[in-house]
$ cat final06.csv   # CSV, C-alpha atoms and all ligand atoms
chain,number,residue,atom,x,y,z
V,1,MET,CA,-5.7,25.1,1.0
V,2,PRO,CA,-4.2,23.4,4.1
V,3,LEU,CA,-1.1,21.3,3.6
V,4,ASN,CA,-2.1,17.7,3.5
V,5,HIS,CA,0.2,14.6,3.6
V,6,PHE,CA,-0.6,11.0,3.2
V,7,LEU,CA,1.8,9.2,5.6
V,8,GLN,CA,-0.6,6.6,7.1
V,9,PHE,CA,-4.0,5.2,6.0
V,10,SER,CA,-5.4,6.8,9.2
V,11,ASP,CA,-4.5,10.2,7.9
V,12,LEU,CA,-7.7,9.9,5.8
V,13,SER,CA,-11.2,10.5,7.2
V,14,ARG,CA,-14.0,8.2,6.1
V,15,GLU,CA,-15.4,10.9,4.0
V,16,GLU,CA,-12.1,11.6,2.3
V,17,PHE,CA,-11.7,7.9,1.5
V,18,ASP,CA,-15.1,7.8,-0.1
V,19,TYR,CA,-14.3,10.9,-2.1
V,20,LEU,CA,-11.0,9.3,-3.3
V,21,VAL,CA,-12.9,6.1,-4.4
V,22,ALA,CA,-15.3,8.2,-6.4
V,23,ARG,CA,-12.4,10.2,-8.0
V,24,THR,CA,-10.5,7.0,-8.8
V,25,ALA,CA,-13.5,5.6,-10.6
V,26,ASP,CA,-13.8,8.7,-12.7
V,27,ILE,CA,-10.0,9.0,-13.4
V,28,LYS,CA,-9.9,5.3,-14.3
V,29,ALA,CA,-12.8,5.6,-16.7
V,30,ARG,CA,-11.2,8.6,-18.5
V,31,PHE,CA,-8.0,6.6,-18.8
V,32,LYS,CA,-9.8,3.6,-20.3
V,33,ARG,CA,-11.5,6.0,-22.8
V,34,TYR,CA,-8.1,7.5,-23.8
V,35,GLU,CA,-9.5,10.8,-22.7
V,36,PRO,CA,-6.9,13.4,-21.9
V,37,TYR,CA,-7.1,14.8,-18.4
V,38,TYR,CA,-4.4,17.2,-17.2
V,39,PRO,CA,-5.3,18.7,-13.9
V,40,LEU,CA,-1.6,18.6,-12.8
V,41,GLN,CA,-0.1,20.4,-15.8
V,42,ASP,CA,3.2,22.0,-14.9
V,43,ARG,CA,3.3,20.2,-11.6
V,44,THR,CA,6.3,18.1,-10.6
V,45,LEU,CA,6.5,15.0,-8.4
V,46,VAL,CA,9.8,14.0,-6.9
V,47,MET,CA,10.0,10.3,-6.0
V,48,ILE,CA,12.6,9.3,-3.4
V,49,PHE,CA,13.5,5.6,-3.2
V,50,GLU,CA,15.6,4.1,-0.5
V,51,LYS,CA,14.3,0.6,-1.3
V,52,GLN,CA,13.6,-1.1,-4.6
V,53,SER,CA,10.3,-0.9,-6.5
V,54,THR,CA,8.6,-1.8,-9.7
V,55,ARG,CA,4.9,-1.0,-9.2
V,56,THR,CA,5.2,2.1,-7.0
V,57,ARG,CA,7.7,3.8,-9.2
V,58,LEU,CA,5.9,3.0,-12.4
V,59,SER,CA,2.4,3.9,-11.1
V,60,PHE,CA,3.5,7.2,-9.7
V,61,GLU,CA,5.7,8.1,-12.7
V,62,ALA,CA,3.1,7.1,-15.3
V,63,GLY,CA,0.3,8.6,-13.2
V,64,MET,CA,1.9,12.0,-12.9
V,65,HIS,CA,2.7,12.0,-16.7
V,66,GLN,CA,-1.0,11.0,-17.5
V,67,LEU,CA,-2.2,13.9,-15.3
V,68,GLY,CA,-0.1,16.4,-17.3
V,69,GLY,CA,2.8,16.7,-14.9
V,70,ALA,CA,6.3,15.4,-14.6
V,71,ALA,CA,8.0,13.0,-12.3
V,72,ILE,CA,11.7,12.9,-11.1
V,73,TYR,CA,13.2,9.7,-9.7
V,74,LEU,CA,15.9,10.0,-7.0
V,75,ASN,CA,17.5,7.2,-5.1
V,76,THR,CA,19.8,6.8,-2.2
V,77,ARG,CA,22.6,5.4,-4.3
V,78,ASP,CA,23.1,8.4,-6.6
V,79,SER,CA,21.8,11.4,-4.5
V,80,GLN,CA,23.3,13.0,-1.4
V,81,LEU,CA,20.6,11.2,0.7
V,82,GLY,CA,22.9,8.2,0.6
V,83,ARG,CA,25.8,10.3,1.9
V,84,GLY,CA,24.1,11.4,5.1
V,85,GLU,CA,22.5,14.7,4.2
V,86,PRO,CA,20.0,15.3,7.0
V,87,VAL,CA,16.4,14.4,6.1
V,88,GLU,CA,15.3,17.9,7.3
V,89,ASP,CA,17.7,19.6,4.9
V,90,ALA,CA,16.7,17.4,2.0
V,91,ALA,CA,13.1,18.2,2.7
V,92,GLN,CA,13.7,21.9,2.7
V,93,VAL,CA,15.5,21.8,-0.6
V,94,ILE,CA,13.5,19.2,-2.5
V,95,SER,CA,10.2,20.8,-1.5
V,96,ARG,CA,11.2,24.2,-2.9
V,97,MET,CA,11.7,22.7,-6.4
V,98,CYS,CA,8.7,20.6,-6.8
V,99,ASP,CA,5.0,20.4,-6.0
V,100,ILE,CA,4.6,17.0,-4.3
V,101,VAL,CA,6.9,14.3,-2.9
V,102,MET,CA,6.6,10.5,-2.7
V,103,ILE,CA,9.1,8.6,-0.4
V,104,ARG,CA,9.8,4.9,0.0
V,105,THR,CA,12.2,4.4,3.0
V,106,TYR,CA,12.9,2.5,6.1
V,107,GLU,CA,11.5,3.9,9.4
V,108,GLN,CA,8.2,5.7,9.4
V,109,GLU,CA,9.9,8.4,11.4
V,110,ILE,CA,11.9,9.4,8.3
V,111,VAL,CA,8.7,10.3,6.3
V,112,GLU,CA,7.3,12.1,9.4
V,113,ARG,CA,10.5,14.2,9.8
V,114,PHE,CA,10.6,14.9,6.0
V,115,SER,CA,6.9,16.0,6.1
V,116,ARG,CA,7.5,18.4,9.0
V,117,HIS,CA,10.1,20.3,6.9
V,118,SER,CA,8.4,20.1,3.6
V,119,ARG,CA,6.5,22.9,1.9
V,120,VAL,CA,4.6,20.5,-0.3
V,121,PRO,CA,2.4,17.3,0.3
V,122,VAL,CA,4.4,14.2,1.1
V,123,ILE,CA,3.1,10.6,0.3
V,124,ASN,CA,4.4,7.5,2.0
V,125,GLY,CA,5.4,5.0,-0.8
V,126,LEU,CA,6.2,2.3,1.8
V,127,THR,CA,8.0,2.3,5.1
V,128,ASN,CA,8.9,-0.5,7.5
V,129,GLU,CA,5.6,0.3,9.3
V,130,TYR,CA,3.1,1.2,6.6
V,131,HIS,CA,2.2,1.0,2.9
V,132,PRO,CA,-1.0,3.2,2.7
V,133,CYS,CA,-1.0,3.5,-1.2
V,134,GLN,CA,-1.2,-0.2,-1.5
V,135,ILE,CA,-4.3,-0.6,0.7
V,136,MET,CA,-6.1,2.2,-1.2
V,137,ALA,CA,-5.6,0.2,-4.3
V,138,ASP,CA,-6.6,-3.1,-2.6
V,139,ILE,CA,-9.8,-1.7,-1.3
V,140,PHE,CA,-10.7,0.0,-4.5
V,141,THR,CA,-10.2,-3.3,-6.2
V,142,TYR,CA,-12.5,-5.1,-3.7
V,143,ILE,CA,-15.2,-2.5,-4.2
V,144,GLU,CA,-15.0,-2.9,-8.0
V,145,HIS,CA,-15.3,-6.7,-7.8
V,146,ARG,CA,-17.6,-7.1,-4.8
V,147,GLY,CA,-18.9,-3.8,-3.5
V,148,PRO,CA,-18.4,-2.0,-0.2
V,149,MET,CA,-16.0,-3.4,2.5
V,150,GLN,CA,-18.1,-2.4,5.4
V,151,GLY,CA,-19.1,-5.4,7.5
V,152,LYS,CA,-16.8,-7.8,5.5
V,153,THR,CA,-14.0,-10.0,6.8
V,154,VAL,CA,-10.5,-9.9,5.5
V,155,ALA,CA,-8.1,-12.8,6.3
V,156,TRP,CA,-4.4,-12.0,6.6
V,157,VAL,CA,-2.0,-15.0,6.7
V,158,GLY,CA,1.7,-14.5,7.4
V,159,ASP,CA,3.9,-11.7,8.6
V,160,SER,CA,2.4,-8.8,10.6
V,161,ASN,CA,4.3,-6.4,8.5
V,162,ASN,CA,3.8,-2.9,6.9
V,163,VAL,CA,1.0,-4.1,4.6
V,164,PHE,CA,-0.8,-5.8,7.5
V,165,ASN,CA,-0.5,-2.7,9.8
V,166,THR,CA,-2.1,-0.7,7.0
V,167,TRP,CA,-4.9,-3.2,6.6
V,168,LEU,CA,-5.5,-2.9,10.3
V,169,GLN,CA,-5.8,0.9,10.1
V,170,ALA,CA,-8.2,0.5,7.1
V,171,ALA,CA,-10.4,-2.0,9.1
V,172,CYS,CA,-10.8,0.6,11.9
V,173,LEU,CA,-11.6,3.5,9.5
V,174,LEU,CA,-13.9,1.6,7.1
V,175,ASP,CA,-15.5,-0.7,9.7
V,176,PHE,CA,-14.6,-4.2,8.5
V,177,LYS,CA,-13.0,-7.1,10.4
V,178,LEU,CA,-9.5,-8.4,10.0
V,179,LYS,CA,-8.6,-12.0,11.0
V,180,VAL,CA,-4.9,-12.5,11.3
V,181,SER,CA,-2.7,-15.6,11.7
V,182,THR,CA,1.0,-15.3,12.1
V,183,PRO,CA,3.7,-17.8,13.1
V,184,PRO,CA,4.9,-17.7,16.7
V,185,GLY,CA,7.4,-15.0,17.2
V,186,TYR,CA,5.9,-12.8,14.4
V,187,GLU,CA,2.7,-11.7,16.2
V,188,VAL,CA,0.9,-8.4,15.8
V,189,GLU,CA,2.4,-5.8,18.1
V,190,PRO,CA,0.2,-5.7,21.3
V,191,GLU,CA,-0.5,-2.0,21.1
V,192,ARG,CA,-2.0,-2.5,17.6
V,193,VAL,CA,-4.1,-5.4,18.9
V,194,ALA,CA,-5.4,-3.2,21.7
V,195,ALA,CA,-6.1,-0.2,19.5
V,196,ALA,CA,-8.0,-2.3,16.9
V,197,GLY,CA,-10.5,-3.7,19.4
V,198,ALA,CA,-13.2,-5.7,17.8
V,199,HIS,CA,-11.9,-5.0,14.3
V,200,LEU,CA,-9.2,-7.6,14.8
V,201,GLU,CA,-9.4,-11.2,15.6
V,202,VAL,CA,-6.1,-13.2,16.2
V,203,CYS,CA,-6.2,-16.8,15.1
V,204,GLU,CA,-3.5,-19.4,15.9
V,205,ASP,CA,-4.4,-21.5,12.9
V,206,PRO,CA,-4.3,-19.8,9.4
V,207,MET,CA,-7.3,-22.0,8.4
V,208,ASP,CA,-9.4,-20.3,11.1
V,209,ALA,CA,-8.3,-16.9,9.8
V,210,CYS,CA,-9.6,-17.8,6.4
V,211,ARG,CA,-12.8,-19.4,7.4
V,212,GLY,CA,-15.7,-17.3,6.0
V,213,ALA,CA,-13.4,-14.5,4.9
V,214,HIS,CA,-14.5,-12.4,1.9
V,215,LEU,CA,-10.9,-11.5,1.0
V,216,VAL,CA,-7.8,-13.5,1.7
V,217,THR,CA,-4.5,-11.8,1.5
V,218,THR,CA,-0.8,-12.3,2.3
V,219,ASP,CA,2.6,-10.9,1.6
V,220,VAL,CA,6.2,-11.9,1.4
V,221,TRP,CA,7.7,-13.7,4.4
V,222,THR,CA,10.7,-11.4,4.4
V,223,SER,CA,10.1,-7.7,3.7
V,224,MET,CA,12.7,-5.3,2.3
V,225,GLY,CA,15.3,-4.4,4.9
V,226,PHE,CA,14.9,-7.8,6.8
V,227,GLU,CA,16.9,-9.9,4.3
V,228,ALA,CA,19.3,-11.1,7.0
V,229,GLU,CA,16.4,-13.0,8.6
V,230,ASN,CA,15.4,-14.8,5.4
V,231,GLU,CA,16.5,-18.4,6.3
V,232,GLU,CA,15.0,-18.2,9.8
V,233,ARG,CA,11.7,-16.9,8.4
V,234,ARG,CA,11.5,-19.5,5.7
V,235,LYS,CA,11.4,-22.1,8.4
V,236,ALA,CA,9.1,-20.3,10.8
V,237,PHE,CA,6.5,-19.4,8.0
V,238,ALA,CA,6.4,-22.8,6.3
V,239,ASP,CA,2.9,-23.6,7.4
V,240,TRP,CA,1.6,-20.1,6.6
V,241,GLN,CA,1.2,-20.5,2.9
V,242,VAL,CA,-2.2,-19.5,1.4
V,243,ASP,CA,-3.2,-22.7,-0.4
V,244,VAL,CA,-6.3,-24.1,-2.1
V,245,ASP,CA,-7.5,-25.6,1.2
V,246,MET,CA,-7.5,-22.1,2.8
V,247,MET,CA,-9.4,-20.7,-0.1
V,248,LYS,CA,-12.0,-23.5,0.2
V,249,VAL,CA,-12.9,-22.6,3.7
V,250,ALA,CA,-13.2,-18.9,2.8
V,251,ASP,CA,-16.6,-17.4,1.7
V,252,PRO,CA,-17.6,-18.7,-1.7
V,253,THR,CA,-17.3,-15.1,-3.0
V,254,ALA,CA,-13.8,-14.7,-1.6
V,255,VAL,CA,-11.1,-13.0,-3.7
V,256,PHE,CA,-7.4,-13.4,-3.2
V,257,MET,CA,-5.0,-10.4,-3.1
V,258,HIS,CA,-1.3,-9.9,-2.9
V,259,CYS,CA,0.5,-6.6,-3.1
V,260,LEU,CA,3.3,-8.2,-5.2
V,261,PRO,CA,6.0,-9.2,-5.8
V,262,ALA,CA,5.0,-12.7,-4.9
V,263,HIS,CA,6.9,-15.9,-4.2
V,264,ARG,CA,4.9,-18.9,-5.5
V,265,GLY,CA,5.5,-21.9,-3.2
V,266,GLU,CA,6.3,-19.7,-0.3
V,267,GLU,CA,3.6,-17.3,1.0
V,268,VAL,CA,1.1,-18.4,-1.7
V,269,ALA,CA,0.5,-21.5,-3.8
V,270,ALA,CA,0.7,-21.0,-7.5
V,271,GLU,CA,-2.9,-22.5,-7.8
V,272,VAL,CA,-4.2,-19.7,-5.7
V,273,ILE,CA,-2.4,-16.6,-7.1
V,274,ASP,CA,-2.9,-17.9,-10.7
V,275,GLY,CA,-6.4,-19.3,-9.9
V,276,PRO,CA,-9.9,-18.0,-10.6
V,277,GLN,CA,-10.3,-16.1,-7.2
V,278,SER,CA,-7.1,-14.1,-7.7
V,279,VAL,CA,-7.5,-10.4,-8.6
V,280,VAL,CA,-3.8,-9.5,-8.2
V,281,TRP,CA,-3.4,-8.0,-11.7
V,282,ASP,CA,-6.4,-5.7,-11.2
V,283,GLU,CA,-5.0,-4.9,-7.8
V,284,ALA,CA,-1.6,-3.9,-9.3
V,285,GLU,CA,-3.2,-1.8,-12.0
V,286,ASN,CA,-5.3,0.0,-9.5
V,287,ARG,CA,-2.2,1.4,-7.9
V,288,LEU,CA,-2.1,3.7,-10.9
V,289,HIS,CA,-5.7,5.0,-10.7
V,290,THR,CA,-5.9,5.4,-6.9
V,291,GLN,CA,-2.6,7.3,-6.7
V,292,LYS,CA,-3.7,9.6,-9.5
V,293,ALA,CA,-6.8,10.4,-7.5
V,294,LEU,CA,-4.6,10.9,-4.4
V,295,MET,CA,-2.2,13.3,-6.1
V,296,GLU,CA,-5.1,15.3,-7.6
V,297,TYR,CA,-6.7,15.6,-4.1
V,298,LEU,CA,-3.4,16.6,-2.4
V,299,LEU,CA,-2.7,19.2,-5.0
V,300,CYS,CA,-6.1,20.5,-6.1
V,301,GLY,CA,-8.4,19.6,-3.2
V,302,LYS,CA,-11.9,18.6,-4.2
V,303,VAL,CA,-12.6,19.2,-7.8
V,401,LIG,N1,3.4,-3.6,-4.2
V,401,LIG,C1,4.5,-2.7,-4.4
V,401,LIG,O1,4.6,-1.7,-3.7
V,401,LIG,O2,5.3,-3.1,-5.3
V,401,LIG,P1,6.8,-2.5,-5.6
V,401,LIG,O3,7.7,-2.9,-4.5
V,401,LIG,O4,7.2,-3.1,-6.9
V,401,LIG,O5,6.6,-1.0,-5.7
V,402,LIG,N1,6.1,-6.1,2.8
V,402,LIG,C1,6.8,-5.9,1.6
V,402,LIG,C2,5.9,-5.1,0.6
V,402,LIG,C3,6.6,-4.9,-0.7
V,402,LIG,C4,5.7,-4.1,-1.7
V,402,LIG,C5,8.1,-5.1,1.9
V,402,LIG,O1,8.1,-4.2,2.7
V,402,LIG,O2,9.1,-5.5,1.3

$ encode --input "final06.csv" --output "structure tokens"
Amino acid sequence: MPLNHFLQFSDLSREEFDYLVARTADIKARFKRYEPYYPLQDRTLVMIFEKQSTRTRLSFEAGMHQLGGAAIYLNTRDSQLGRGEPVEDAAQVISRMCDIVMIRTYEQEIVERFSRHSRVPVINGLTNEYHPCQIMADIFTYIEHRGPMQGKTVAWVGDSNNVFNTWLQAACLLDFKLKVSTPPGYEVEPERVAAAGAHLEVCEDPMDACRGAHLVTTDVWTSMGFEAENEERRKAFADWQVDVDMMKVADPTAVFMHCLPAHRGEEVAAEVIDGPQSVVWDEAENRLHTQKALMEYLLCGKV
């Protein structure tokens, strides 16, 4: 079987994405029936964290356990990674002792370099540029609630960050439209706008981004690694809070998503995230099921 990594959403083909959705549904249904399913018996996942996490760590660790395997947590603070061991050397050593690796780090280049020296599949658990596992869960959640994404419109309000970049890759692969509104100074990178073509519409006013959207989503104003910009960002993003008025102009069937953790009163009003259109808890749970399908695929191929 060829060595497959999952470093960006665009690593998937449309056909692979559809396969993963079907496998996720099956794996989730077995889990809900308390049915044992151990395709990854005796396999070991190593999780490397250079940034904090609740959902990603828990979903990968619990997911590997539920599939019959084991998971090991490493972080920068108490491993040699924090003392400057080259990524290439770490990749050589770690990948000789386990079957699959998940990394959460800073630059995308770090996961790319790791994967080039790894003997086993590598999964991006979030970088400054992308968060592909999140968008797999988000789209699976949309499909569960409302059906296929193709032809739909997603509104992104706020920072053009890692989660946004991944939504944009998904829009191109799965053929839906993304409408984005960011504050001045935090615009989508021009190369990404050019590459997305008609899949992306840039709106000055966040209300325009939300108008008619089938899914409204946002994320923190300050991502991990950018904490020094916090005060400046709080001022710049003040008018980019997803509120009840924005949800009112969206399509009547619109759902609200947030990758979490959320800051009520900043990027989202409490009435929205805690309101009837919010599917954030299903979205968080689906990290578990989609990643189990992903690990099964990377290690066993099509089953
Ligand atoms: N959404 C997400 O990745 O959450 P964590 O930072 O808690 O892993
Ligand atoms: N954009 C956020 C996502 C956290 C899950 C960050 O990178 O911190």

$ residues_around --input "final06.csv" --residues "V:Val216" --least-positions-apart "5" --cutoff "9 Å" --atoms "all atoms listed in the file" --output "JSON list (two decimals) with C-alpha atoms, keeping the file's coordinate frame"
[["chain", "number", "residue", "atom", "x", "y", "z"],
["V", 153, "THR", "CA", -14.00, -10.00, 6.80],
["V", 154, "VAL", "CA", -10.50, -9.90, 5.50],
["V", 155, "ALA", "CA", -8.10, -12.80, 6.30],
["V", 156, "TRP", "CA", -4.40, -12.00, 6.60],
["V", 157, "VAL", "CA", -2.00, -15.00, 6.70],
["V", 209, "ALA", "CA", -8.30, -16.90, 9.80],
["V", 210, "CYS", "CA", -9.60, -17.80, 6.40],
["V", 242, "VAL", "CA", -2.20, -19.50, 1.40],
["V", 246, "MET", "CA", -7.50, -22.10, 2.80],
["V", 247, "MET", "CA", -9.40, -20.70, -0.10],
["V", 250, "ALA", "CA", -13.20, -18.90, 2.80],
["V", 254, "ALA", "CA", -13.80, -14.70, -1.60],
["V", 255, "VAL", "CA", -11.10, -13.00, -3.70],
["V", 256, "PHE", "CA", -7.40, -13.40, -3.20],
["V", 257, "MET", "CA", -5.00, -10.40, -3.10],
["V", 258, "HIS", "CA", -1.30, -9.90, -2.90]]

$ atom_distance --input "final06.csv" --atom1 "atom CA of V:Gly84" --atom2 "atom CA of V:Leu45"
22.5 Å

$ residues_near_ligand --input "final06.csv" --ligand "ligand LIG 401 (chain V)" --cutoff "10 Å" --atoms "only C-alpha atoms and all ligand atoms" --output "count of residues only"
32

$ atom_distance --input "final06.csv" --atom1 "atom CA of V:Glu267" --atom2 "atom CA of V:Ala195"
27.0 Å

$ closest_residue --input "final06.csv" --among "V:Asp159, V:Glu232, V:Glu204, V:Glu271" --to "ligand LIG 402 (chain V)" --atoms "all atoms listed in the file"
V:Asp159

$ atom_distance --input "final06.csv" --atom1 "atom CA of V:Pro86" --atom2 "atom CA of V:Glu229"
28.6 Å

$ closest_residue --input "final06.csv" --among "V:Thr253, V:Thr44, V:Thr105, V:Gln277" --to "V:Ala213" --atoms "only C-alpha atoms"
V:Thr253

$ residues_near_point --input "final06.csv" --point "(-6.8, 5.2, 9.8)" --cutoff "12 Å" --atoms "all atoms listed in the file" --output "short mmCIF file (atom, residue, chain, number, x, y, z; two decimals) with C-alpha atoms, in the frame of the given file"
data_model
loop_
_atom_site.label_atom_id
_atom_site.label_comp_id
_atom_site.auth_asym_id
_atom_site.auth_seq_id
_atom_site.Cartn_x
_atom_site.Cartn_y
_atom_site.Cartn_z
CA PHE V 6 -0.60 11.00 3.20
CA LEU V 7 1.80 9.20 5.60
CA GLN V 8 -0.60 6.60 7.10
CA PHE V 9 -4.00 5.20 6.00
CA SER V 10 -5.40 6.80 9.20
CA ASP V 11 -4.50 10.20 7.90
CA LEU V 12 -7.70 9.90 5.80
CA SER V 13 -11.20 10.50 7.20
CA ARG V 14 -14.00 8.20 6.10
CA GLU V 15 -15.40 10.90 4.00
CA GLU V 16 -12.10 11.60 2.30
CA PHE V 17 -11.70 7.90 1.50
CA TYR V 130 3.10 1.20 6.60
CA PRO V 132 -1.00 3.20 2.70
CA ILE V 135 -4.30 -0.60 0.70
CA MET V 136 -6.10 2.20 -1.20
CA ASN V 165 -0.50 -2.70 9.80
CA THR V 166 -2.10 -0.70 7.00
CA TRP V 167 -4.90 -3.20 6.60
CA LEU V 168 -5.50 -2.90 10.30
CA GLN V 169 -5.80 0.90 10.10
CA ALA V 170 -8.20 0.50 7.10
CA ALA V 171 -10.40 -2.00 9.10
CA CYS V 172 -10.80 0.60 11.90
CA LEU V 173 -11.60 3.50 9.50
CA LEU V 174 -13.90 1.60 7.10
CA ASP V 175 -15.50 -0.70 9.70
CA ARG V 192 -2.00 -2.50 17.60
CA ALA V 195 -6.10 -0.20 19.50
CA ALA V 196 -8.00 -2.30 16.90
#

$ closest_residue --input "final06.csv" --among "V:Leu67, V:Val279, V:Ala270, V:Leu299" --to "V:Asp138" --atoms "all atoms listed in the file"
V:Val279

$ closest_residue --input "final06.csv" --among "V:Val220, V:Met64, V:Met47, V:Leu215" --to "ligand LIG 402 (chain V)" --atoms "all atoms listed in the file"
V:Val220

$ closest_residue --input "final06.csv" --among "V:Leu200, V:Asn4, V:Glu231, V:Ile72" --to "V:Ser115" --atoms "all atoms listed in the file"
V:Asn4

$ closest_residue --input "final06.csv" --among "V:Ala236, V:Val122, V:Val244, V:Ala198" --to "V:His5" --atoms "only C-alpha atoms"
V:Val122

$ residues_around --input "final06.csv" --residues "V:Asp243" --least-positions-apart "5" --cutoff "7 Å" --atoms "all atoms listed in the file" --output "VMD selection string"
chain V and resid 268 to 269 272

$ write_last_selection --input "final06.csv" --atoms "C-alpha atoms" --output "PDB file, in the frame of the given file"
ATOM      1  CA  VAL V 268       1.100 -18.400  -1.700  1.00  0.00           C
ATOM      2  CA  ALA V 269       0.500 -21.500  -3.800  1.00  0.00           C
ATOM      3  CA  VAL V 272      -4.200 -19.700  -5.700  1.00  0.00           C
TER       4      VAL V 272
END

$ build_atoms --input "final06.csv" --residues "stretch 49-55 of chain V" --atoms "all heavy atoms" --output "PDB file, in the frame of the given file"
ATOM      1  N   PHE V  49      13.488   7.058  -3.537  1.00  0.00           N
ATOM      2  CA  PHE V  49      13.500   5.600  -3.200  1.00  0.00           C
ATOM      3  C   PHE V  49      14.742   5.243  -2.454  1.00  0.00           C
ATOM      4  O   PHE V  49      15.844   5.404  -2.953  1.00  0.00           O
ATOM      5  CB  PHE V  49      13.393   4.801  -4.503  1.00  0.00           C
ATOM      6  CG  PHE V  49      12.001   4.745  -5.077  1.00  0.00           C
ATOM      7  CD1 PHE V  49      11.591   5.672  -6.018  1.00  0.00           C
ATOM      8  CD2 PHE V  49      11.099   3.781  -4.655  1.00  0.00           C
ATOM      9  CE1 PHE V  49      10.300   5.633  -6.539  1.00  0.00           C
ATOM     10  CE2 PHE V  49       9.800   3.729  -5.169  1.00  0.00           C
ATOM     11  CZ  PHE V  49       9.412   4.662  -6.106  1.00  0.00           C
ATOM     12  N   GLU V  50      14.531   4.717  -1.246  1.00  0.00           N
ATOM     13  CA  GLU V  50      15.600   4.100  -0.500  1.00  0.00           C
ATOM     14  C   GLU V  50      15.561   2.606  -0.518  1.00  0.00           C
ATOM     15  O   GLU V  50      16.386   1.926   0.068  1.00  0.00           O
ATOM     16  CB  GLU V  50      15.603   4.625   0.966  1.00  0.00           C
ATOM     17  CG  GLU V  50      15.854   6.124   1.065  1.00  0.00           C
ATOM     18  CD  GLU V  50      16.519   6.502   2.370  1.00  0.00           C
ATOM     19  OE1 GLU V  50      17.760   6.421   2.456  1.00  0.00           O
ATOM     20  OE2 GLU V  50      15.779   6.858   3.306  1.00  0.00           O
ATOM     21  N   LYS V  51      14.485   2.089  -1.143  1.00  0.00           N
ATOM     22  CA  LYS V  51      14.300   0.600  -1.300  1.00  0.00           C
ATOM     23  C   LYS V  51      13.887   0.436  -2.774  1.00  0.00           C
ATOM     24  O   LYS V  51      13.438   1.382  -3.424  1.00  0.00           O
ATOM     25  CB  LYS V  51      13.227   0.101  -0.401  1.00  0.00           C
ATOM     26  CG  LYS V  51      13.551   0.092   1.074  1.00  0.00           C
ATOM     27  CD  LYS V  51      12.326  -0.349   1.874  1.00  0.00           C
ATOM     28  CE  LYS V  51      12.628  -0.489   3.349  1.00  0.00           C
ATOM     29  NZ  LYS V  51      11.381  -0.711   4.121  1.00  0.00           N
ATOM     30  N   GLN V  52      13.955  -0.820  -3.216  1.00  0.00           N
ATOM     31  CA  GLN V  52      13.600  -1.100  -4.600  1.00  0.00           C
ATOM     32  C   GLN V  52      12.098  -1.017  -4.863  1.00  0.00           C
ATOM     33  O   GLN V  52      11.314  -1.061  -3.912  1.00  0.00           O
ATOM     34  CB  GLN V  52      14.083  -2.512  -4.966  1.00  0.00           C
ATOM     35  CG  GLN V  52      15.574  -2.561  -5.149  1.00  0.00           C
ATOM     36  CD  GLN V  52      16.112  -3.933  -4.841  1.00  0.00           C
ATOM     37  OE1 GLN V  52      15.905  -4.479  -3.767  1.00  0.00           O
ATOM     38  NE2 GLN V  52      16.795  -4.497  -5.809  1.00  0.00           N
ATOM     39  N   SER V  53      11.736  -0.945  -6.130  1.00  0.00           N
ATOM     40  CA  SER V  53      10.300  -0.900  -6.500  1.00  0.00           C
ATOM     41  C   SER V  53      10.129  -1.115  -7.969  1.00  0.00           C
ATOM     42  O   SER V  53      10.953  -0.684  -8.784  1.00  0.00           O
ATOM     43  CB  SER V  53       9.754   0.497  -6.148  1.00  0.00           C
ATOM     44  OG  SER V  53       8.482   0.662  -6.734  1.00  0.00           O
ATOM     45  N   THR V  54       9.052  -1.763  -8.314  1.00  0.00           N
ATOM     46  CA  THR V  54       8.600  -1.800  -9.700  1.00  0.00           C
ATOM     47  C   THR V  54       7.268  -1.031  -9.790  1.00  0.00           C
ATOM     48  O   THR V  54       7.164  -0.004 -10.459  1.00  0.00           O
ATOM     49  CB  THR V  54       8.381  -3.248 -10.192  1.00  0.00           C
ATOM     50  OG1 THR V  54       9.633  -3.914 -10.156  1.00  0.00           O
ATOM     51  CG2 THR V  54       7.839  -3.274 -11.621  1.00  0.00           C
ATOM     52  N   ARG V  55       6.240  -1.545  -9.084  1.00  0.00           N
ATOM     53  CA  ARG V  55       4.900  -1.000  -9.200  1.00  0.00           C
ATOM     54  C   ARG V  55       4.783   0.456  -8.705  1.00  0.00           C
ATOM     55  O   ARG V  55       4.121   1.288  -9.331  1.00  0.00           O
ATOM     56  CB  ARG V  55       3.896  -1.837  -8.357  1.00  0.00           C
ATOM     57  CG  ARG V  55       3.412  -3.068  -9.057  1.00  0.00           C
ATOM     58  CD  ARG V  55       3.212  -4.177  -8.053  1.00  0.00           C
ATOM     59  NE  ARG V  55       4.532  -4.616  -7.624  1.00  0.00           N
ATOM     60  CZ  ARG V  55       5.192  -5.632  -8.172  1.00  0.00           C
ATOM     61  NH1 ARG V  55       4.626  -6.352  -9.095  1.00  0.00           N
ATOM     62  NH2 ARG V  55       6.422  -5.941  -7.797  1.00  0.00           N
TER      63      ARG V  55
END
